[in-house]
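Working notes for the structure below.
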Amino acid sequence: ALADPDGRWGEGDPMPRRFTAEQLTALVEGAGLRVGAVHGVRVFADLVPGVLVDTEPAALDALLKLEAAAAELPAFHSVATQLHVLGETRGATES
């Protein structure tokens, strides 16, 4: 799955590969990096109807604040559409 550009394990696999936060952090650490942060992306955004965000005053701002608040909470990582893992070189932030 890692070698395939589409993230599939073979022709019979209909879904792109999806990693858990634990799997991603293991990959980052396996590459010799330190995990700086894990963020869930689009935790709620895909669940809110676009018409609500487009027509309700301040709805977009409220949705963005909710997304930011939930992004770093591990409890929401499993429902996020995407996970972003920041890998840092070891000693990069250390004095």
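Just remember, in the structure tokens the first chain shown is A, the second B, etc., residues are 1-based per chain, and ligands are 1-based in the order shown.
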
Would you mind listing what lies within 12 Å of A:Leu86 as a ChimeraX atom specification, with only C-alpha atoms counted and same-chain residues fewer than 2 positions away left out? /A:21,24-25,27-29,33-40,72,83-84,88-89

Those of stretch 32-95 of chain A in DSSP helix (DSSP H, G or I), formatted as JSON, numbers by chain: {"A": [45, 46, 47, 50, 51, 52, 53, 54, 55, 59, 60, 61, 62, 63, 64, 65, 66, 67, 68, 69, 70, 71, 74, 75, 76, 77]}

Atom pair atom CA of A:Arg90 / atom CA of A:Ala26: separation (Å):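 Computed distance, atom CA of A:Arg90 to atom CA of A:Ala26, equals 14.7 Å.
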
DSSP says strand (DSSP E) for which residues of chain A? Put them as a list of chain:residue names?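 Reading the DSSP output for chain A, strand (DSSP E) covers A:Leu33, A:Arg34, A:Val35, A:Gly36, A:Ala37, A:Val38, A:His39, A:Gly40, A:Val41, A:Gln82, A:Leu83, A:His84, A:Val85, A:Leu86, A:Gly87, A:Glu88, A:Thr89.
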
With N, CA and C atoms retained, could you export that selection as a JSON list (two decimals), in the first residue's frame?
```json
[["chain", "number", "residue", "atom", "x", "y", "z"],
["A", 33, "LEU", "N", 12.44, 10.47, 12.81],
["A", 33, "LEU", "CA", 11.95, 11.79, 13.22],
["A", 33, "LEU", "C", 11.21, 11.70, 14.54],
["A", 34, "ARG", "N", 11.03, 12.85, 15.14],
["A", 34, "ARG", "CA", 10.25, 12.98, 16.37],
["A", 34, "ARG", "C", 8.90, 13.56, 15.98],
["A", 35, "VAL", "N", 7.83, 13.05, 16.57],
["A", 35, "VAL", "CA", 6.49, 13.57, 16.29],
["A", 35, "VAL", "C", 6.31, 14.88, 17.04],
["A", 36, "GLY", "N", 6.07, 15.95, 16.29],
["A", 36, "GLY", "CA", 5.86, 17.26, 16.90],
["A", 36, "GLY", "C", 4.41, 17.49, 17.26],
["A", 37, "ALA", "N", 3.50, 17.07, 16.39],
["A", 37, "ALA", "CA", 2.07, 17.27, 16.63],
["A", 37, "ALA", "C", 1.26, 16.38, 15.70],
["A", 38, "VAL", "N", 0.06, 16.04, 16.14],
["A", 38, "VAL", "CA", -0.91, 15.30, 15.32],
["A", 38, "VAL", "C", -2.20, 16.11, 15.34],
["A", 39, "HIS", "N", -2.71, 16.42, 14.16],
["A", 39, "HIS", "CA", -3.93, 17.21, 14.05],
["A", 39, "HIS", "C", -4.96, 16.47, 13.20],
["A", 40, "GLY", "N", -6.19, 16.43, 13.69],
["A", 40, "GLY", "CA", -7.30, 15.94, 12.89],
["A", 40, "GLY", "C", -7.80, 17.09, 12.03],
["A", 41, "VAL", "N", -8.07, 16.81, 10.77],
["A", 41, "VAL", "CA", -8.52, 17.83, 9.83],
["A", 41, "VAL", "C", -9.90, 17.46, 9.32],
["A", 82, "GLN", "N", -8.97, 13.70, 7.60],
["A", 82, "GLN", "CA", -7.53, 13.62, 7.35],
["A", 82, "GLN", "C", -6.79, 13.76, 8.68],
["A", 83, "LEU", "N", -5.59, 13.22, 8.70],
["A", 83, "LEU", "CA", -4.70, 13.43, 9.84],
["A", 83, "LEU", "C", -3.42, 14.05, 9.32],
["A", 84, "HIS", "N", -2.96, 15.08, 9.98],
["A", 84, "HIS", "CA", -1.68, 15.69, 9.66],
["A", 84, "HIS", "C", -0.73, 15.41, 10.82],
["A", 85, "VAL", "N", 0.42, 14.84, 10.50],
["A", 85, "VAL", "CA", 1.43, 14.55, 11.51],
["A", 85, "VAL", "C", 2.67, 15.36, 11.17],
["A", 86, "LEU", "N", 3.12, 16.14, 12.12],
["A", 86, "LEU", "CA", 4.32, 16.95, 11.94],
["A", 86, "LEU", "C", 5.51, 16.17, 12.46],
["A", 87, "GLY", "N", 6.44, 15.85, 11.58],
["A", 87, "GLY", "CA", 7.67, 15.17, 11.97],
["A", 87, "GLY", "C", 8.81, 16.17, 12.03],
["A", 88, "GLU", "N", 9.58, 16.11, 13.09],
["A", 88, "GLU", "CA", 10.70, 17.02, 13.27],
["A", 88, "GLU", "C", 11.98, 16.22, 13.44],
["A", 89, "THR", "N", 13.08, 16.79, 12.98],
["A", 89, "THR", "CA", 14.36, 16.12, 13.21],
["A", 89, "THR", "C", 14.65, 16.15, 14.70]]
```

For atom CA of A:Glu67 and atom CA of A:Val51, quote the distance in Å rounded to one decimal. 18.0 Å

Out of A:Ala80, A:Leu52, A:Val43, A:Leu73, which residue has the shortest atom-to-atom distance to A:Phe19 when counting only C-alpha atoms?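 Nearest to A:Phe19: A:Ala80.
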
With distances taken over only C-alpha atoms, which of A:Ala71, A:Glu56, A:Ala1, A:Gly32 is nearest to A:Asp13?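 For A:Asp13, the nearest of the given residues is A:Ala1.
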
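The space between atom CA of A:Glu11 and atom CA of A:Gly30 spans 27.7 Å.
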
Selected residue of minimal separation from A:Phe44 among A:Ala70, A:Leu2, A:Ala31, A:Ala58, counting only C-alpha atoms: A:Ala70
